[in-house]
>>> print(open('upload39.txt').read())   # compact mmCIF, C-alpha atoms
# COMPACT_ATOMS: atom_id res chain seq x y z
CA MET J 4 0.00 0.00 0.00
CA SER J 5 1.20 3.54 -0.73
CA ALA J 6 2.00 6.02 1.99
CA ASN J 7 -1.54 7.40 1.59
CA ARG J 8 -3.04 4.22 3.10
CA GLY J 9 -5.82 4.46 0.54
CA ALA J 10 -6.77 8.04 1.42
CA LYS J 11 -7.26 10.84 -1.09
CA ILE J 12 -5.65 14.08 0.05
CA VAL J 13 -6.34 17.60 -1.21
CA LEU J 14 -4.31 20.64 -0.21
CA ASN J 15 -6.46 23.77 -0.44
CA TRP J 16 -3.86 26.29 -1.56
CA LEU J 17 -4.56 30.01 -1.34
CA GLU J 18 -2.06 32.04 -3.32
CA ARG J 19 0.61 33.79 -1.25
CA SER J 20 -0.28 31.76 1.82
CA ARG J 21 1.55 29.28 4.04
CA ALA J 22 0.37 26.27 2.05
CA GLN J 23 3.88 25.52 0.77
CA ARG J 24 4.97 24.37 4.21
CA ILE J 25 2.16 21.81 4.29
CA ALA J 26 3.14 20.60 0.83
CA TRP J 27 6.70 20.23 2.11
CA VAL J 28 5.58 17.94 4.93
CA MET J 29 3.58 15.86 2.44
CA GLU J 30 6.66 15.54 0.26
CA GLU J 31 8.73 14.37 3.24
CA LEU J 32 6.04 11.73 3.87
CA ASN J 33 5.99 10.67 0.19
CA LEU J 34 2.26 11.34 0.03
CA GLU J 35 0.28 11.66 -3.15
CA TYR J 36 -1.91 14.76 -3.03
CA SER J 37 -3.74 17.10 -5.33
CA ILE J 38 -3.78 20.88 -5.07
CA GLN J 39 -6.95 22.96 -5.18
CA PRO J 40 -5.75 26.50 -5.88
CA PHE J 41 -7.62 29.62 -4.78
CA LYS J 42 -7.01 33.22 -5.85
CA ARG J 43 -7.15 36.10 -3.40
CA ASN J 44 -9.72 38.89 -3.78
CA PRO J 45 -8.50 42.24 -5.16
CA THR J 46 -8.32 43.44 -1.54
CA GLY J 47 -5.92 40.60 -0.70
CA THR J 48 -8.44 38.67 1.40
CA ALA J 49 -9.34 35.02 0.94
CA PRO J 50 -12.28 34.19 -1.35
CA ALA J 51 -15.64 33.19 0.11
CA GLU J 52 -15.29 29.71 -1.42
CA LEU J 53 -12.82 28.75 1.30
CA LYS J 54 -15.57 29.06 3.91
CA LYS J 55 -17.31 26.14 2.22
CA ILE J 56 -14.34 24.02 3.28
CA HIS J 57 -13.80 25.46 6.77
CA PRO J 58 -15.93 28.07 8.59
CA LEU J 59 -12.94 30.38 9.11
CA GLY J 60 -12.23 30.52 5.40
CA LYS J 61 -8.48 30.39 5.98
CA SER J 62 -5.58 28.68 4.26
CA PRO J 63 -3.95 26.27 4.41
CA THR J 64 -6.52 23.57 4.94
CA VAL J 65 -6.30 19.91 4.01
CA SER J 66 -9.19 17.66 3.00
CA ILE J 67 -8.68 13.93 3.52
CA GLN J 68 -11.12 11.33 2.23
CA PRO J 69 -10.52 8.03 4.08
CA PRO J 70 -10.61 4.85 1.96
CA SER J 71 -14.00 3.77 3.27
CA PRO J 72 -16.74 5.24 1.02
CA THR J 73 -18.97 5.71 4.07
CA SER J 74 -16.41 7.81 5.96
CA LYS J 75 -16.86 11.56 6.12
CA PRO J 76 -14.05 13.76 4.81
CA ILE J 77 -11.55 14.95 7.41
CA ILE J 78 -10.92 18.70 7.28
CA LEU J 79 -7.72 19.95 8.88
CA ALA J 80 -6.93 23.61 9.55
CA GLU J 81 -4.03 25.60 11.02
CA THR J 82 -0.43 24.77 10.14
CA SER J 83 0.77 23.01 13.29
CA PRO J 84 -2.24 20.69 13.77
CA ILE J 85 -2.15 19.78 10.07
CA MET J 86 1.55 18.89 10.20
CA ASN J 87 1.23 16.82 13.36
CA TYR J 88 -1.85 14.97 12.10
CA LEU J 89 -0.13 14.06 8.84
CA VAL J 90 2.92 12.70 10.64
CA GLU J 91 0.84 10.76 13.16
CA HIS J 92 -1.27 9.02 10.53
CA PHE J 93 0.99 8.71 7.48
CA ALA J 94 4.63 8.53 8.63
CA ASP J 95 6.51 5.28 9.04
CA GLU J 96 8.51 4.92 12.24
CA ALA J 97 11.81 6.07 10.76
CA THR J 98 10.33 9.18 9.17
CA SER J 99 8.26 10.00 12.25
CA THR J 100 11.28 10.00 14.58
CA LYS J 101 13.12 12.32 12.20
CA LEU J 102 10.33 14.84 11.71
CA ILE J 103 9.38 14.77 15.42
CA PRO J 104 12.39 14.00 17.68
CA ARG J 105 12.34 11.18 20.22
CA GLU J 106 10.71 12.46 23.41
CA TYR J 107 12.76 10.73 26.12
CA GLU J 108 16.36 9.80 26.66
CA PRO J 109 16.82 5.99 26.78
CA GLY J 110 15.87 4.65 30.20
CA LYS J 111 14.20 7.91 31.26
CA GLU J 112 10.74 7.33 29.80
CA LYS J 113 8.05 9.33 31.65
CA GLU J 114 10.70 10.69 34.02
CA LEU J 115 10.43 14.38 34.90
CA GLY J 116 13.31 16.07 33.11
CA GLY J 117 14.05 12.96 31.07
CA GLU J 118 13.10 14.58 27.78
CA THR J 119 15.64 15.00 25.00
CA GLU J 120 16.79 18.53 24.19
CA ALA J 121 15.74 17.97 20.58
CA TRP J 122 12.17 17.17 21.60
CA MET J 123 11.97 20.10 24.02
CA ARG J 124 13.11 22.45 21.28
CA HIS J 125 10.64 20.96 18.84
CA GLU J 126 7.73 21.40 21.23
CA PHE J 127 8.74 25.01 21.84
CA TYR J 128 8.98 25.88 18.15
CA ASP J 129 5.61 24.27 17.51
CA SER J 130 3.98 27.18 19.36
CA TYR J 131 6.66 29.86 19.03
CA VAL J 132 6.68 30.20 15.24
CA GLU J 133 3.01 30.98 14.69
CA GLY J 134 2.65 32.77 18.01
CA SER J 135 5.53 35.02 19.01
CA LEU J 136 7.55 35.18 15.78
CA MET J 137 4.90 35.47 13.06
CA SER J 138 2.90 38.02 15.06
CA VAL J 139 5.67 40.64 14.91
CA LEU J 140 6.30 39.91 11.23
CA GLN J 141 2.62 40.41 10.49
CA ILE J 142 2.70 43.79 12.25
CA LYS J 143 5.66 44.73 10.05
CA LEU J 144 3.76 43.71 6.91
CA VAL J 145 0.70 45.73 7.96
CA PHE J 146 2.69 48.91 8.54
CA ASP J 147 4.66 48.43 5.32
CA ALA J 148 1.33 48.20 3.50
CA LEU J 149 0.16 51.36 5.28
CA GLN J 150 3.20 53.27 4.07
CA ASN J 151 2.66 52.08 0.50
CA ALA J 152 -1.12 52.56 0.46
CA PRO J 153 -2.61 54.93 -2.17
CA ILE J 154 -3.72 57.73 0.16
CA PRO J 155 -3.84 61.54 -0.32
CA PHE J 156 -0.36 63.09 -0.35
CA PHE J 157 -1.10 65.30 2.66
CA LEU J 158 -1.71 62.18 4.78
CA LYS J 159 1.53 60.47 3.75
CA PRO J 160 3.67 62.25 6.37
CA ILE J 161 1.29 61.07 9.08
CA THR J 162 1.26 57.41 8.02
CA ASN J 163 5.02 57.44 7.47
CA PHE J 164 5.56 58.94 10.94
CA ILE J 165 3.34 56.32 12.60
CA ALA J 166 5.06 53.47 10.76
CA SER J 167 8.49 54.88 11.60
CA LYS J 168 7.66 55.13 15.30
CA VAL J 169 6.31 51.59 15.41
CA ASN J 170 9.48 50.32 13.71
CA SER J 171 11.97 52.25 15.84
CA GLU J 172 10.27 51.88 19.22
CA PHE J 173 8.88 48.37 18.97
CA LEU J 174 9.62 46.23 15.92
CA ASP J 175 13.36 46.83 15.59
CA ASN J 176 14.00 45.63 19.14
CA GLU J 177 11.61 42.71 18.74
CA PHE J 178 13.38 41.54 15.60
CA LYS J 179 16.80 41.80 17.24
CA THR J 180 15.50 39.71 20.14
CA HIS J 181 13.85 37.03 18.00
CA PHE J 182 16.47 36.62 15.29
CA GLY J 183 19.32 36.94 17.77
CA PHE J 184 17.70 34.12 19.73
CA LEU J 185 17.40 31.95 16.62
CA GLU J 186 21.02 32.60 15.65
CA GLU J 187 22.06 31.41 19.11
CA GLN J 188 19.79 28.39 18.84
CA LEU J 189 21.58 27.32 15.67
CA ALA J 190 24.95 27.83 17.33
CA THR J 191 23.95 25.52 20.20
CA ALA J 192 21.85 22.97 18.29
CA PRO J 193 21.98 19.38 19.64
CA ASP J 194 24.69 17.20 18.05
CA GLY J 195 26.09 20.30 16.36
CA GLY J 196 23.07 20.78 14.11
CA PRO J 197 22.86 21.75 11.32
CA TYR J 198 19.12 22.00 11.97
CA MET J 199 17.35 23.62 14.90
CA CYS J 200 16.75 20.36 16.74
CA GLY J 201 19.90 18.53 15.68
CA LYS J 202 21.13 16.51 12.73
CA ASP J 203 17.73 15.84 11.13
CA LEU J 204 15.24 18.09 9.39
CA THR J 205 12.13 18.32 11.60
CA LEU J 206 8.71 19.93 11.46
CA ALA J 207 10.24 22.79 13.44
CA ASP J 208 12.58 23.61 10.54
CA ILE J 209 9.75 23.51 8.03
CA GLN J 210 7.73 25.81 10.30
CA LEU J 211 10.65 28.23 10.73
CA SER J 212 11.57 28.29 7.05
CA MET J 213 9.00 30.91 6.10
CA PRO J 214 9.47 33.57 8.83
CA VAL J 215 13.27 33.38 8.64
CA SER J 216 13.28 33.70 4.84
CA VAL J 217 10.79 36.59 5.10
CA GLY J 218 13.18 38.30 7.51
CA PHE J 219 15.92 38.24 4.89
CA ALA J 220 13.58 39.14 2.02
CA LEU J 221 12.28 42.25 3.81
CA GLY J 222 15.76 43.35 4.83
CA ILE J 223 14.92 42.95 8.51
CA ILE J 224 18.02 40.81 8.94
CA THR J 225 21.17 40.54 6.85
CA ARG J 226 23.71 37.87 6.05
CA SER J 227 26.50 39.75 7.81
CA GLU J 228 24.50 40.11 11.04
CA TYR J 229 23.10 36.58 11.08
CA PRO J 230 25.47 34.29 9.14
CA LEU J 231 24.18 31.08 10.73
CA LEU J 232 20.56 31.89 9.86
CA HIS J 233 21.59 32.77 6.31
CA GLY J 234 23.38 29.44 5.94
CA TYR J 235 20.37 27.72 7.47
CA VAL J 236 17.96 29.12 4.86
CA GLU J 237 20.37 28.23 2.05
CA ARG J 238 20.56 24.68 3.42
CA LEU J 239 16.77 24.41 3.53
CA LYS J 240 16.59 25.48 -0.11
CA ARG J 241 18.74 22.47 -1.02
CA GLU J 242 16.43 19.98 0.70
CA PRO J 243 15.00 17.53 -1.89
CA GLY J 244 11.52 17.80 -0.37
CA TYR J 245 11.57 21.57 -0.68
CA LYS J 246 12.74 21.39 -4.29
CA ARG J 247 9.75 19.17 -5.09
CA VAL J 248 7.46 21.73 -3.44
CA VAL J 249 8.86 24.45 -5.70
CA GLU J 250 7.87 22.33 -8.70
CA ARG J 251 4.34 21.94 -7.35
CA ALA J 252 4.17 25.68 -6.61
CA ILE J 253 5.02 26.46 -10.23
CA GLU J 254 2.05 24.31 -11.27
CA VAL J 255 -0.30 26.75 -9.51
CA GLY J 256 1.56 29.88 -10.58
CA GLU J 257 3.36 30.52 -7.29
CA GLY J 258 6.97 31.49 -6.68
CA ALA J 259 9.37 29.66 -4.40
CA MET J 260 8.62 30.21 -0.69
CA LEU J 261 12.23 30.69 0.39
CA GLU J 262 13.29 33.10 -2.35
>>> encode(input="upload39.txt", output="C-alpha cells")
Amino acid sequence: MSANRGAKIVLNWLERSRAQRIAWVMEELNLEYSIQPFKRNPTGTAPAELKKIHPLGKSPTVSIQPPSPTSKPIILAETSPIMNYLVEHFADEATSTKLIPREYEPGKEKELGGETEAWMRHEFYDSYVEGSLMSVLQIKLVFDALQNAPIPFFLKPITNFIASKVNSEFLDNEFKTHFGFLEEQLATAPDGGPYMCGKDLTLADIQLSMPVSVGFALGIITRSEYPLLHGYVERLKREPGYKRVVERAIEVGEGAMLE
C-alpha cells in the first residue's frame, strides 16, 4: 500500500499563503496529493469559497477522504495541527522520529526532566513560530502596507511617521531579540546541528523556514549580522523535499517560498 493508506488528500492552496509548508511535509512523507488552488480577492483577502471548506475561510486547509466510502471527509486547519496529524497518521517509524524528535532519553521514559533537548526544542517551536515570531512579522507587513497605500499626499507624512515610530520603538527591538535568539539556537543545536533540533530536518525547521526567509527578504536581517541563519535558509533550499514543493508551486503559478 502507498504512503496514503488508501486516502485521497487535497491541499487547499490560497495564493501567497503558508500552504507551501504543508506541501513540504507531504513531500517528506511521500504522500500523493492534489492541489486545489484559490485566488485572493482584489483586496488581498481570501475568497468566500474557502468558507465552504472550513468556517474560518483560511488557508492552508487539508481535505482527507478516508478509503471507506462511508467515511466523512476529514478537514484539517491551522499549520501546526495539520503537520502533526499528517505525521501521526501517514509517517513510518523512521520518518516519524526524524520529523518529530524522540521524546525521552533511553531509560528515562516518563521521568520528569528525562526529555531530549531535541524534543523540548521541537515542542517550543511548535507554538513559538506561529505565536511570538509570526505576530511581529505580520505587524511589520501591515505597517509596510500602510506606508505604501494609495492615500492623499497630505496624509503620507502622518502614516510614514506612525510606521516609523512603530518600527523604531517596537519592531526593531523585537526583531533583534527574536532573530538573535534563533542565531544562538543554531549555534547551540543538539549534536552540532545543522538543523534547529539537531542533525535531522524536523517539522520545526519547516515551520521556521518561512518567517526566517521573510526576515531576509524584507531586509529585517542581513547575512552579515546573522550568518548562521543565512546558511540555514540556504541549506533548507537544497532539501529535496523543498525542491519538489517548488515544482508543485510552479504548477499553480506561485513562486518559491524561500526566495
>>> atom_distance(input="upload39.txt", atom1="CA of Pro109 (chain J)", atom2="CA of Ala190 (chain J)")
25.1 Å
>>> residues_near_point(input="upload39.txt", point="(-7.3, 16.0, 4.9)", cutoff="10 Å", atoms="only C-alpha atoms", output="MDAnalysis selection string")
chainID J and resid 10:15 36 64:69 76:80 85 88:89
>>> atom_distance(input="upload39.txt", atom1="CA of Tyr235 (chain J)", atom2="CA of Leu189 (chain J)")
8.3 Å
>>> atom_distance(input="upload39.txt", atom1="CA of Glu118 (chain J)", atom2="CA of Glu106 (chain J)")
5.4 Å
>>> closest_residue(input="upload39.txt", among="J:Glu18, J:Glu172, J:Glu262, J:Glu120", to="Gln39 (chain J)", atoms="all atoms listed in the file")
J:Glu18
>>> decode(input="upload39.txt", residues="region 98-112 of chain J", atoms="all heavy atoms", output="PDB file, in the first residue's frame")
ATOM      1  N   THR J  98      10.614   7.797   9.562  1.00  0.00           N
ATOM      2  CA  THR J  98      10.334   9.182   9.169  1.00  0.00           C
ATOM      3  C   THR J  98       9.759   9.969  10.333  1.00  0.00           C
ATOM      4  O   THR J  98      10.091  11.136  10.536  1.00  0.00           O
ATOM      5  CB  THR J  98       9.359   9.219   7.979  1.00  0.00           C
ATOM      6  OG1 THR J  98       9.897   8.443   6.901  1.00  0.00           O
ATOM      7  CG2 THR J  98       9.139  10.650   7.499  1.00  0.00           C
ATOM      8  N   SER J  99       8.893   9.323  11.117  1.00  0.00           N
ATOM      9  CA  SER J  99       8.263   9.995  12.248  1.00  0.00           C
ATOM     10  C   SER J  99       9.293  10.477  13.259  1.00  0.00           C
ATOM     11  O   SER J  99       9.232  11.611  13.744  1.00  0.00           O
ATOM     12  CB  SER J  99       7.268   9.058  12.929  1.00  0.00           C
ATOM     13  OG  SER J  99       6.681   9.674  14.057  1.00  0.00           O
ATOM     14  N   THR J 100      10.291   9.629  13.580  1.00  0.00           N
ATOM     15  CA  THR J 100      11.279  10.005  14.585  1.00  0.00           C
ATOM     16  C   THR J 100      12.280  11.027  14.061  1.00  0.00           C
ATOM     17  O   THR J 100      13.036  11.617  14.849  1.00  0.00           O
ATOM     18  CB  THR J 100      12.045   8.768  15.094  1.00  0.00           C
ATOM     19  OG1 THR J 100      12.583   8.047  13.980  1.00  0.00           O
ATOM     20  CG2 THR J 100      11.120   7.857  15.884  1.00  0.00           C
ATOM     21  N   LYS J 101      12.309  11.241  12.747  1.00  0.00           N
ATOM     22  CA  LYS J 101      13.124  12.324  12.200  1.00  0.00           C
ATOM     23  C   LYS J 101      12.354  13.640  12.243  1.00  0.00           C
ATOM     24  O   LYS J 101      12.868  14.660  12.682  1.00  0.00           O
ATOM     25  CB  LYS J 101      13.530  12.003  10.756  1.00  0.00           C
ATOM     26  CG  LYS J 101      14.622  10.955  10.638  1.00  0.00           C
ATOM     27  CD  LYS J 101      15.047  10.774   9.189  1.00  0.00           C
ATOM     28  CE  LYS J 101      16.192   9.780   9.084  1.00  0.00           C
ATOM     29  NZ  LYS J 101      16.626   9.606   7.670  1.00  0.00           N
ATOM     30  N   LEU J 102      11.112  13.611  11.783  1.00  0.00           N
ATOM     31  CA  LEU J 102      10.328  14.845  11.709  1.00  0.00           C
ATOM     32  C   LEU J 102       9.903  15.340  13.082  1.00  0.00           C
ATOM     33  O   LEU J 102       9.742  16.545  13.296  1.00  0.00           O
ATOM     34  CB  LEU J 102       9.102  14.632  10.822  1.00  0.00           C
ATOM     35  CG  LEU J 102       9.384  14.426   9.333  1.00  0.00           C
ATOM     36  CD1 LEU J 102       8.083  14.118   8.586  1.00  0.00           C
ATOM     37  CD2 LEU J 102      10.070  15.644   8.727  1.00  0.00           C
ATOM     38  N   ILE J 103       9.681  14.419  14.021  1.00  0.00           N
ATOM     39  CA  ILE J 103       9.384  14.774  15.415  1.00  0.00           C
ATOM     40  C   ILE J 103      10.380  14.006  16.292  1.00  0.00           C
ATOM     41  O   ILE J 103      10.307  12.783  16.383  1.00  0.00           O
ATOM     42  CB  ILE J 103       7.939  14.413  15.803  1.00  0.00           C
ATOM     43  CG1 ILE J 103       6.944  15.148  14.906  1.00  0.00           C
ATOM     44  CG2 ILE J 103       7.682  14.742  17.271  1.00  0.00           C
ATOM     45  CD1 ILE J 103       5.492  14.809  15.175  1.00  0.00           C
ATOM     46  N   PRO J 104      11.327  14.690  16.932  1.00  0.00           N
ATOM     47  CA  PRO J 104      12.390  14.003  17.680  1.00  0.00           C
ATOM     48  C   PRO J 104      11.857  13.098  18.779  1.00  0.00           C
ATOM     49  O   PRO J 104      10.747  13.294  19.299  1.00  0.00           O
ATOM     50  CB  PRO J 104      13.201  15.162  18.279  1.00  0.00           C
ATOM     51  CG  PRO J 104      12.924  16.331  17.395  1.00  0.00           C
ATOM     52  CD  PRO J 104      11.502  16.162  16.946  1.00  0.00           C
ATOM     53  N   ARG J 105      12.670  12.096  19.123  1.00  0.00           N
ATOM     54  CA  ARG J 105      12.336  11.181  20.216  1.00  0.00           C
ATOM     55  C   ARG J 105      12.127  11.976  21.499  1.00  0.00           C
ATOM     56  O   ARG J 105      12.910  12.870  21.831  1.00  0.00           O
ATOM     57  CB  ARG J 105      13.473  10.168  20.400  1.00  0.00           C
ATOM     58  CG  ARG J 105      13.194   9.094  21.451  1.00  0.00           C
ATOM     59  CD  ARG J 105      14.367   8.136  21.597  1.00  0.00           C
ATOM     60  NE  ARG J 105      15.495   8.775  22.268  1.00  0.00           N
ATOM     61  CZ  ARG J 105      16.620   9.118  21.686  1.00  0.00           C
ATOM     62  NH1 ARG J 105      16.795   8.890  20.401  1.00  0.00           N
ATOM     63  NH2 ARG J 105      17.597   9.688  22.378  1.00  0.00           N
ATOM     64  N   GLU J 106      11.072  11.651  22.244  1.00  0.00           N
ATOM     65  CA  GLU J 106      10.712  12.459  23.410  1.00  0.00           C
ATOM     66  C   GLU J 106      11.653  12.259  24.584  1.00  0.00           C
ATOM     67  O   GLU J 106      12.091  13.226  25.207  1.00  0.00           O
ATOM     68  CB  GLU J 106       9.275  12.155  23.836  1.00  0.00           C
ATOM     69  CG  GLU J 106       8.801  13.012  24.989  1.00  0.00           C
ATOM     70  CD  GLU J 106       7.324  12.833  25.287  1.00  0.00           C
ATOM     71  OE1 GLU J 106       6.649  12.073  24.555  1.00  0.00           O
ATOM     72  OE2 GLU J 106       6.835  13.458  26.259  1.00  0.00           O
ATOM     73  N   TYR J 107      11.985  11.003  24.906  1.00  0.00           N
ATOM     74  CA  TYR J 107      12.762  10.735  26.118  1.00  0.00           C
ATOM     75  C   TYR J 107      14.139  10.159  25.818  1.00  0.00           C
ATOM     76  O   TYR J 107      14.340   9.458  24.821  1.00  0.00           O
ATOM     77  CB  TYR J 107      12.012   9.762  27.035  1.00  0.00           C
ATOM     78  CG  TYR J 107      10.778  10.343  27.675  1.00  0.00           C
ATOM     79  CD1 TYR J 107       9.512  10.063  27.161  1.00  0.00           C
ATOM     80  CD2 TYR J 107      10.875  11.183  28.782  1.00  0.00           C
ATOM     81  CE1 TYR J 107       8.371  10.601  27.743  1.00  0.00           C
ATOM     82  CE2 TYR J 107       9.739  11.721  29.363  1.00  0.00           C
ATOM     83  CZ  TYR J 107       8.500  11.427  28.843  1.00  0.00           C
ATOM     84  OH  TYR J 107       7.377  11.973  29.422  1.00  0.00           O
ATOM     85  N   GLU J 108      15.071  10.457  26.706  1.00  0.00           N
ATOM     86  CA  GLU J 108      16.361   9.800  26.663  1.00  0.00           C
ATOM     87  C   GLU J 108      16.162   8.322  27.019  1.00  0.00           C
ATOM     88  O   GLU J 108      15.248   7.975  27.782  1.00  0.00           O
ATOM     89  CB  GLU J 108      17.320  10.430  27.682  1.00  0.00           C
ATOM     90  CG  GLU J 108      17.652  11.892  27.423  1.00  0.00           C
ATOM     91  CD  GLU J 108      18.614  12.078  26.266  1.00  0.00           C
ATOM     92  OE1 GLU J 108      19.051  11.073  25.684  1.00  0.00           O
ATOM     93  OE2 GLU J 108      18.916  13.253  25.942  1.00  0.00           O
ATOM     94  N   PRO J 109      16.968   7.417  26.455  1.00  0.00           N
ATOM     95  CA  PRO J 109      16.823   5.987  26.778  1.00  0.00           C
ATOM     96  C   PRO J 109      16.883   5.738  28.286  1.00  0.00           C
ATOM     97  O   PRO J 109      17.760   6.253  28.982  1.00  0.00           O
ATOM     98  CB  PRO J 109      18.020   5.355  26.054  1.00  0.00           C
ATOM     99  CG  PRO J 109      18.330   6.291  24.924  1.00  0.00           C
ATOM    100  CD  PRO J 109      18.027   7.663  25.468  1.00  0.00           C
ATOM    101  N   GLY J 110      15.914   4.974  28.779  1.00  0.00           N
ATOM    102  CA  GLY J 110      15.869   4.645  30.195  1.00  0.00           C
ATOM    103  C   GLY J 110      15.240   5.714  31.067  1.00  0.00           C
ATOM    104  O   GLY J 110      15.146   5.532  32.282  1.00  0.00           O
ATOM    105  N   LYS J 111      14.793   6.823  30.472  1.00  0.00           N
ATOM    106  CA  LYS J 111      14.201   7.905  31.256  1.00  0.00           C
ATOM    107  C   LYS J 111      12.751   8.179  30.845  1.00  0.00           C
ATOM    108  O   LYS J 111      12.237   9.273  31.061  1.00  0.00           O
ATOM    109  CB  LYS J 111      15.033   9.175  31.116  1.00  0.00           C
ATOM    110  CG  LYS J 111      16.430   9.071  31.702  1.00  0.00           C
ATOM    111  CD  LYS J 111      17.163  10.399  31.666  1.00  0.00           C
ATOM    112  CE  LYS J 111      18.536  10.287  32.319  1.00  0.00           C
ATOM    113  NZ  LYS J 111      19.242  11.596  32.313  1.00  0.00           N
ATOM    114  N   GLU J 112      12.110   7.175  30.253  1.00  0.00           N
ATOM    115  CA  GLU J 112      10.735   7.334  29.798  1.00  0.00           C
ATOM    116  C   GLU J 112       9.812   7.755  30.947  1.00  0.00           C
ATOM    117  O   GLU J 112       9.864   7.182  32.036  1.00  0.00           O
ATOM    118  CB  GLU J 112      10.230   6.027  29.176  1.00  0.00           C
ATOM    119  CG  GLU J 112      10.864   5.688  27.836  1.00  0.00           C
ATOM    120  CD  GLU J 112      12.274   5.138  27.954  1.00  0.00           C
ATOM    121  OE1 GLU J 112      12.712   4.865  29.100  1.00  0.00           O
ATOM    122  OE2 GLU J 112      12.953   4.982  26.912  1.00  0.00           O
TER     123      GLU J 112
END
